[in-house]
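Participant: I am sharing input_19.cif, which consists of mmCIF, C-alpha atoms:
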```
data_upload
loop_
_atom_site.label_atom_id
_atom_site.label_comp_id
_atom_site.auth_asym_id
_atom_site.auth_seq_id
_atom_site.Cartn_x
_atom_site.Cartn_y
_atom_site.Cartn_z
CA MET F 20 0.00 0.00 0.00
CA LEU F 21 1.25 3.46 -0.96
CA GLU F 22 -0.45 6.17 1.07
CA VAL F 23 0.06 9.90 0.70
CA SER F 24 -1.51 12.53 2.94
CA ASP F 25 -1.44 16.35 3.00
CA LEU F 26 1.56 16.51 0.68
CA LYS F 27 2.94 19.96 -0.11
CA CYS F 28 5.69 20.75 -2.61
CA VAL F 29 7.52 24.07 -3.04
CA ARG F 30 10.19 24.76 -5.66
CA GLY F 31 12.22 27.87 -4.97
CA GLU F 32 9.61 30.20 -3.55
CA ARG F 33 6.80 28.87 -5.74
CA PRO F 34 4.27 26.40 -4.29
CA LEU F 35 3.48 23.67 -6.81
CA PHE F 36 0.76 21.81 -4.92
CA ASP F 37 -0.60 21.45 -1.40
CA GLY F 38 -2.91 19.07 0.46
CA VAL F 39 -2.43 16.19 -1.98
CA GLY F 40 -3.46 12.75 -0.81
CA PHE F 41 -4.30 9.30 -2.21
CA ARG F 42 -4.14 5.59 -1.42
CA LEU F 43 -2.91 3.01 -3.89
CA GLY F 44 -3.17 -0.71 -3.22
CA SER F 45 -2.05 -3.90 -4.93
CA GLY F 46 -3.13 -4.11 -8.55
CA GLN F 47 -3.93 -0.40 -8.78
CA LEU F 48 -2.69 2.29 -11.16
CA LEU F 49 -2.46 6.03 -10.49
CA TYR F 50 -2.35 8.47 -13.41
CA VAL F 51 -0.86 11.85 -12.42
CA ARG F 52 -2.12 14.60 -14.71
CA GLY F 53 -1.73 18.37 -14.96
CA ALA F 54 -0.52 21.18 -17.18
CA ASN F 55 3.19 21.78 -17.74
CA GLY F 56 4.63 23.22 -14.55
CA ALA F 57 1.89 21.78 -12.32
CA GLY F 58 4.43 19.58 -10.53
CA LYS F 59 3.95 16.11 -12.06
CA THR F 60 7.64 15.22 -12.16
CA SER F 61 8.15 16.81 -8.73
CA MET F 62 5.36 14.58 -7.38
CA LEU F 63 7.06 11.46 -8.73
CA ARG F 64 10.39 12.52 -7.26
CA LEU F 65 8.74 12.94 -3.86
CA LEU F 66 7.22 9.47 -4.13
CA CYS F 67 10.66 8.05 -4.90
CA GLY F 68 12.25 9.82 -1.97
CA LEU F 69 14.53 11.77 -4.32
CA SER F 70 13.28 15.15 -3.07
CA PRO F 71 11.94 16.22 0.35
CA ALA F 72 8.36 17.40 0.71
CA GLU F 73 7.62 20.74 2.30
CA SER F 74 5.09 18.95 4.50
CA GLY F 75 2.89 15.86 4.50
CA GLN F 76 3.59 12.16 4.66
CA ILE F 77 4.33 9.28 2.28
CA LEU F 78 3.81 5.79 3.71
CA TRP F 79 4.77 2.43 2.22
CA ASP F 80 2.95 -0.44 3.92
CA GLY F 81 2.19 1.93 6.78
CA VAL F 82 5.76 3.13 7.37
CA PRO F 83 7.20 6.54 6.30
CA ILE F 84 9.48 6.00 3.31
CA HIS F 85 12.35 7.98 4.88
CA GLU F 86 12.40 5.46 7.73
CA LEU F 87 12.49 2.48 5.36
CA GLY F 88 15.46 3.75 3.34
CA GLU F 89 16.97 0.95 1.27
CA LEU F 90 14.06 -1.42 1.99
CA TYR F 91 11.76 0.99 0.16
CA ARG F 92 14.19 1.48 -2.72
CA GLN F 93 14.32 -2.30 -3.21
CA ASP F 94 10.56 -2.25 -3.74
CA LEU F 95 10.74 0.65 -6.21
CA PHE F 96 11.47 0.97 -9.92
CA TYR F 97 11.74 4.56 -11.17
CA LEU F 98 12.09 5.63 -14.78
CA GLY F 99 12.41 9.36 -15.36
CA HIS F 100 12.87 11.53 -18.43
CA HIS F 101 16.49 10.42 -18.71
CA ASN F 102 17.21 6.82 -19.66
CA ALA F 103 20.10 6.55 -17.15
CA LEU F 104 22.13 4.26 -19.38
CA GLN F 105 25.90 3.89 -19.46
CA GLU F 106 26.90 4.96 -22.97
CA ALA F 107 30.26 3.12 -22.88
CA LEU F 108 28.66 -0.25 -22.01
CA THR F 109 26.81 -2.61 -24.29
CA VAL F 110 23.06 -3.00 -24.11
CA GLY F 111 23.41 -6.36 -22.40
CA GLU F 112 25.94 -5.02 -19.91
CA ASN F 113 23.62 -2.14 -19.04
CA LEU F 114 20.72 -4.47 -18.32
CA ALA F 115 22.86 -6.80 -16.21
CA PHE F 116 24.32 -3.85 -14.27
CA TYR F 117 20.96 -2.30 -13.37
CA ALA F 118 19.41 -5.66 -12.55
CA ASN F 119 22.28 -6.37 -10.17
CA LEU F 120 21.73 -2.99 -8.50
CA ALA F 121 18.09 -3.98 -8.00
CA GLY F 122 19.13 -7.26 -6.36
CA THR F 123 18.57 -9.67 -9.25
CA ARG F 124 21.06 -11.56 -11.41
CA PRO F 125 19.50 -12.27 -14.81
CA SER F 126 21.09 -14.84 -17.07
CA GLU F 127 22.17 -14.07 -20.63
CA ALA F 128 19.03 -15.88 -21.75
CA ASP F 129 16.85 -13.65 -19.52
CA ILE F 130 18.44 -10.53 -21.01
CA ALA F 131 18.11 -11.87 -24.54
CA HIS F 132 14.43 -12.65 -23.94
CA ALA F 133 13.73 -9.16 -22.60
CA LEU F 134 15.44 -7.57 -25.59
CA SER F 135 13.60 -9.86 -28.00
CA ARG F 136 10.26 -8.79 -26.55
CA ILE F 137 11.10 -5.14 -27.02
CA GLY F 138 12.56 -5.65 -30.49
CA LEU F 139 16.24 -5.12 -29.69
CA ARG F 140 17.70 -8.65 -29.62
CA PRO F 141 20.24 -7.83 -32.40
CA CYS F 142 21.50 -4.89 -30.29
CA GLN F 143 22.51 -6.89 -27.21
CA SER F 144 26.24 -6.56 -27.93
CA LYS F 145 26.11 -2.99 -29.28
CA LEU F 146 27.42 -0.06 -27.31
CA VAL F 147 24.57 2.13 -26.09
CA ARG F 148 26.16 5.24 -27.60
CA HIS F 149 25.58 3.76 -31.06
CA LEU F 150 21.81 3.47 -30.59
CA SER F 151 19.10 5.91 -31.64
CA GLN F 152 17.12 7.80 -28.99
CA GLY F 153 14.14 5.52 -29.58
CA GLN F 154 16.30 2.43 -29.14
CA LYS F 155 17.81 3.82 -25.93
CA ARG F 156 14.33 4.37 -24.55
CA ARG F 157 13.45 0.77 -25.35
CA VAL F 158 16.57 -0.46 -23.54
CA ALA F 159 15.59 1.55 -20.47
CA LEU F 160 12.07 0.13 -20.57
CA SER F 161 13.31 -3.44 -20.97
CA ARG F 162 14.65 -3.14 -17.41
CA LEU F 163 11.02 -3.52 -16.30
CA MET F 164 11.18 -7.16 -17.34
CA LEU F 165 14.26 -7.86 -15.22
CA ASN F 166 13.30 -6.45 -11.83
CA ARG F 167 11.04 -7.58 -9.00
CA ALA F 168 9.99 -4.18 -7.64
CA ARG F 169 6.39 -3.96 -6.43
CA LEU F 170 6.01 -0.25 -7.16
CA TRP F 171 6.69 1.16 -10.62
CA ILE F 172 6.94 4.95 -10.97
CA LEU F 173 7.17 6.00 -14.61
CA ASP F 174 7.56 9.58 -15.86
CA GLU F 175 6.36 9.94 -19.47
CA PRO F 176 7.27 6.32 -20.30
CA PHE F 177 5.71 6.37 -23.78
CA VAL F 178 7.90 9.18 -25.14
CA ALA F 179 9.93 8.28 -28.26
CA LEU F 180 8.18 4.89 -28.68
CA ASP F 181 6.45 3.62 -31.78
CA VAL F 182 2.98 2.08 -31.71
CA ALA F 183 4.25 -1.48 -31.21
CA ALA F 184 6.46 -0.47 -28.28
CA ILE F 185 3.64 1.55 -26.68
CA THR F 186 1.38 -1.51 -26.85
CA LEU F 187 4.09 -3.73 -25.36
CA LEU F 188 4.74 -1.31 -22.50
CA ALA F 189 1.03 -1.02 -21.73
CA ASP F 190 0.85 -4.83 -21.64
CA LEU F 191 3.86 -5.00 -19.29
CA VAL F 192 2.27 -2.56 -16.88
CA ALA F 193 -1.06 -4.41 -17.06
CA ALA F 194 0.68 -7.72 -16.30
CA HIS F 195 2.50 -6.12 -13.37
CA LEU F 196 -0.81 -4.92 -11.94
CA ALA F 197 -2.43 -8.32 -12.49
CA GLN F 198 0.34 -9.86 -10.37
CA GLY F 199 -0.42 -7.48 -7.49
CA GLY F 200 2.03 -4.72 -8.36
CA LEU F 201 1.34 -0.98 -8.15
CA ALA F 202 2.13 1.70 -10.73
CA VAL F 203 2.18 5.49 -10.85
CA PHE F 204 2.80 7.28 -14.13
CA THR F 205 2.54 10.54 -16.00
CA SER F 206 1.86 10.78 -19.72
CA HIS F 207 0.75 13.29 -22.29
CA GLN F 208 -0.56 10.35 -24.33
CA GLU F 209 -3.85 8.60 -23.59
CA VAL F 210 -2.93 4.92 -23.43
CA ALA F 211 -5.29 2.20 -22.19
CA ILE F 212 -3.65 -0.03 -19.58
CA GLY F 213 -5.51 -3.16 -18.52
CA THR F 214 -9.25 -3.25 -18.03
CA ALA F 215 -9.67 -1.49 -14.68
CA PRO F 216 -9.83 2.33 -14.82
CA PRO F 217 -6.88 4.09 -13.18
CA GLN F 218 -7.14 6.47 -10.28
CA ILE F 219 -6.61 10.06 -11.46
CA LEU F 220 -4.61 12.65 -9.55
CA GLU F 221 -5.09 16.07 -11.18
CA LEU F 222 -2.44 18.58 -10.11
CA GLY F 223 -3.12 22.29 -10.47
CA ALA F 224 -6.85 21.72 -10.88
#
```
Please go through the file and, once you have read it, give me the structure as structure tokens.
Facilitator:
Amino acid sequence: MLEVSDLKCVRGERPLFDGVGFRLGSGQLLYVRGANGAGKTSMLRLLCGLSPAESGQILWDGVPIHELGELYRQDLFYLGHHNALQEALTVGENLAFYANLAGTRPSEADIAHALSRIGLRPCQSKLVRHLSQGQKRRVALSRLMLNRARLWILDEPFVALDVAAITLLADLVAAHLAQGGLAVFTSHQEVAIGTAPPQILELGA
């Protein structure tokens, strides 16, 4: 369970939002919406513990996330605007590295399968710096298939993806929810994920 109450965020001297609250349980999806500058990315950073809130509380299974520390981070997968890939490593090496950081050790076959699903199997031995921006985004997203985090927080995950990749990502998120996972995401694109309607958090409304 992810529970947020009375959350306030200030950037510089400008308040972005105040009094925000929601509860998200197993199998549920939260869609964070709002105009540019409303604080969507700031909200996700707060949920990840990357930025401090001005006030309010964020609980994971009833415990404040700042008290859980590494235990919370092990339950969390965050994908922001940047792909966070090592340009000097191969695609396969990147996936193995980030999976190890998350506490898993995928085999070469696991990595190959993930890349095949996202259409990048021939790129496994290529250096990331030789890929297009769209391909880099796919590599970053393929990490979803190699981690065991319960909570996925995705900031504009559909950017730079073609129709096939958007469909695959939506299916991955839907499967994660069906297995009891939780997901929070922002997107300027309307993409159907699973059959259950998402919760909507409208910032700046």
Participant: Running the PyMOL selection byres ((chain F and resi 81) around 12) on this model by hand, what would come out? Give it as a PyMOL selection string.
Facilitator: chain F and resi 20-24+42-44+76-80+82-87+91
Participant: For Ala179 in chain F, which of F:Gly40, F:Gly58, F:Gly68, F:Gly153 is the closest residue, counting all atoms listed in the file?
Facilitator: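 Closest to Ala179 in chain F of all the choices is F:Gly153.
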Participant: CA of Lys155 in chain F and CA of Gly111 in chain F are how many Å apart?
Facilitator: 12.1 Å
Participant: Run the PyMOL selection byres ((chain F and resi 186) around 12) on the file and write out the hits as a list in words.
Facilitator: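 Written out, the selection comes to Arg136, Ile137, Pro176, Phe177, Leu180, Asp181, Val182, Ala183, Ala184, Ile185, Leu187, Leu188, Ala189, Asp190, Leu191, Val192, Ala193, Glu209, Val210, Ala211, Ile212 and Gly213 of chain F.
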Participant: Please, what distance in Å, to one decimal, runs between CA of Lys27 in chain F and CA of Asp174 in chain F?
Facilitator: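 Spanning CA of Lys27 in chain F to CA of Asp174 in chain F is a straight-line distance of 19.4 Å.
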Participant: What gap, in Å, lies between CA of Glu175 in chain F and CA of Gly99 in chain F?
Facilitator: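 These two atoms are separated by 7.3 Å.
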Participant: List as a VMD selection string the protein and nucleic acid residues near range 32-36 of chain F, meaning an atom at most 12 Å away when all atoms listed in the file are counted, but skip any in the same chain fewer than 6 places from it.
Facilitator: chain F and resid 25 to 26 53 to 62 65 72 to 75 220 to 224
Participant: Expand the PyMOL selection byres ((chain F and resi 139) around 10) into the explicit residue set it covers here, and present it as a PyMOL selection string.
Facilitator: chain F and resi 110+131-138+140-143+154-155+157-158+161
Participant: Show which residues sit within 9 Å of Leu104 in chain F, as a list in words. Count all atoms listed in the file, and ignore same-chain residues fewer than 3 positions away.
Facilitator: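 My list of contacting residues is His101, Ala107, Leu108, Val110, Asn113, Leu114, Tyr117, Val147, Lys155, Val158 and Ala159 of chain F.
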Participant: Would you please work out which residue, of F:Gly38, F:Lys145, F:Arg167, F:Leu160, is nearest to Asn119 in chain F when using only C-alpha atoms?
Facilitator: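 Using only C-alpha atoms, the shortest distance to Asn119 in chain F belongs to F:Arg167.
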Participant: Identify which of the residues F:Ser151, F:Gln47, F:Asn166, F:Thr109 lies closest to Phe204 in chain F, counting only C-alpha atoms when measuring atom-to-atom distances.
Facilitator: F:Gln47
Participant: Between F:Ala118, F:Leu170, F:Ala215, F:Ala194, which is the closest to Leu66 in chain F once you count all atoms listed in the file?
Facilitator: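 Looking only at the distances to Leu66 in chain F, the closest residue turns out to be F:Leu170.
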Participant: Looking at F:Val203, F:Val51, F:Val29, F:Met164, which one is nearest to Pro125 in chain F, with distances taken over all atoms listed in the file?
Facilitator: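 Counting all atoms listed in the file, the residue closest to Pro125 in chain F is F:Met164.
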Participant: What are the centre and edge lengths in Å, to one decimal, of the axis-aligned box around all listed atoms of range 89-101 of chain F with 6 Å added on each side, as AutoDock Vina command-line options?
Facilitator:
```
--center_x 13.8 --center_y 4.6 --center_z -8.4 --size_x 18.4 --size_y 25.8 --size_z 32.7
```
Participant: From the set F:Arg64, F:Tyr50, F:Leu165, F:Glu89, which residue has the shortest atom-to-atom contact distance to Ala202 in chain F, counting only C-alpha atoms?
Facilitator: F:Tyr50
Participant: Could you model N, CA and C atoms for range 42-74 of chain F and present them as a compact mmCIF listing (two decimals), in the coordinates of the input?
Facilitator:
```
# COMPACT_ATOMS: atom_id res chain seq x y z
N ARG F 42 -4.53 6.93 -1.86
CA ARG F 42 -4.14 5.59 -1.42
C ARG F 42 -4.14 4.67 -2.62
N LEU F 43 -3.06 3.91 -2.75
CA LEU F 43 -2.91 3.01 -3.89
C LEU F 43 -2.56 1.63 -3.36
N GLY F 44 -3.39 0.64 -3.69
CA GLY F 44 -3.17 -0.71 -3.22
C GLY F 44 -2.71 -1.64 -4.33
N SER F 45 -2.51 -2.90 -3.98
CA SER F 45 -2.05 -3.90 -4.93
C SER F 45 -2.97 -3.97 -6.14
N GLY F 46 -2.37 -4.00 -7.32
CA GLY F 46 -3.13 -4.11 -8.55
C GLY F 46 -3.71 -2.80 -9.05
N GLN F 47 -3.34 -1.68 -8.41
CA GLN F 47 -3.93 -0.40 -8.78
C GLN F 47 -2.93 0.51 -9.49
N LEU F 48 -3.47 1.38 -10.34
CA LEU F 48 -2.69 2.29 -11.16
C LEU F 48 -3.14 3.72 -10.88
N LEU F 49 -2.17 4.62 -10.69
CA LEU F 49 -2.46 6.03 -10.49
C LEU F 49 -1.89 6.82 -11.66
N TYR F 50 -2.74 7.62 -12.28
CA TYR F 50 -2.35 8.47 -13.41
C TYR F 50 -2.28 9.91 -12.91
N VAL F 51 -1.07 10.48 -12.89
CA VAL F 51 -0.86 11.85 -12.42
C VAL F 51 -0.95 12.79 -13.63
N ARG F 52 -1.90 13.69 -13.59
CA ARG F 52 -2.12 14.60 -14.71
C ARG F 52 -1.96 16.05 -14.27
N GLY F 53 -1.83 16.93 -15.25
CA GLY F 53 -1.73 18.37 -14.96
C GLY F 53 -1.01 19.08 -16.08
N ALA F 54 -1.19 20.38 -16.16
CA ALA F 54 -0.52 21.18 -17.18
C ALA F 54 0.99 21.20 -16.92
N ASN F 55 1.75 21.61 -17.93
CA ASN F 55 3.19 21.78 -17.74
C ASN F 55 3.44 22.76 -16.60
N GLY F 56 4.33 22.37 -15.68
CA GLY F 56 4.63 23.22 -14.55
C GLY F 56 3.75 22.98 -13.33
N ALA F 57 2.79 22.05 -13.45
CA ALA F 57 1.89 21.78 -12.32
C ALA F 57 2.57 20.96 -11.22
N GLY F 58 3.70 20.33 -11.55
CA GLY F 58 4.43 19.58 -10.53
C GLY F 58 4.37 18.08 -10.67
N LYS F 59 4.08 17.57 -11.87
CA LYS F 59 3.95 16.11 -12.06
C LYS F 59 5.27 15.39 -11.77
N THR F 60 6.34 15.86 -12.39
CA THR F 60 7.64 15.22 -12.16
C THR F 60 8.08 15.40 -10.71
N SER F 61 7.81 16.58 -10.14
CA SER F 61 8.15 16.81 -8.73
C SER F 61 7.39 15.83 -7.83
N MET F 62 6.13 15.55 -8.14
CA MET F 62 5.36 14.58 -7.38
C MET F 62 6.02 13.20 -7.43
N LEU F 63 6.43 12.77 -8.61
CA LEU F 63 7.06 11.46 -8.73
C LEU F 63 8.37 11.41 -7.96
N ARG F 64 9.13 12.49 -7.99
CA ARG F 64 10.39 12.52 -7.26
C ARG F 64 10.15 12.44 -5.75
N LEU F 65 9.09 13.06 -5.29
CA LEU F 65 8.74 12.94 -3.86
C LEU F 65 8.40 11.50 -3.52
N LEU F 66 7.62 10.85 -4.38
CA LEU F 66 7.22 9.47 -4.13
C LEU F 66 8.42 8.53 -4.11
N CYS F 67 9.45 8.87 -4.86
CA CYS F 67 10.66 8.05 -4.90
C CYS F 67 11.62 8.36 -3.76
N GLY F 68 11.34 9.42 -3.02
CA GLY F 68 12.25 9.82 -1.97
C GLY F 68 13.47 10.57 -2.48
N LEU F 69 13.40 11.05 -3.73
CA LEU F 69 14.53 11.77 -4.32
C LEU F 69 14.54 13.24 -3.92
N SER F 70 13.40 13.76 -3.51
CA SER F 70 13.28 15.15 -3.07
C SER F 70 12.45 15.18 -1.80
N PRO F 71 12.74 16.11 -0.88
CA PRO F 71 11.94 16.22 0.35
C PRO F 71 10.67 17.02 0.11
N ALA F 72 9.60 16.63 0.78
CA ALA F 72 8.36 17.40 0.71
C ALA F 72 8.42 18.55 1.70
N GLU F 73 7.71 19.62 1.38
CA GLU F 73 7.62 20.74 2.30
C GLU F 73 6.88 20.30 3.57
N SER F 74 5.84 19.51 3.38
CA SER F 74 5.09 18.95 4.50
C SER F 74 4.27 17.78 3.98
```
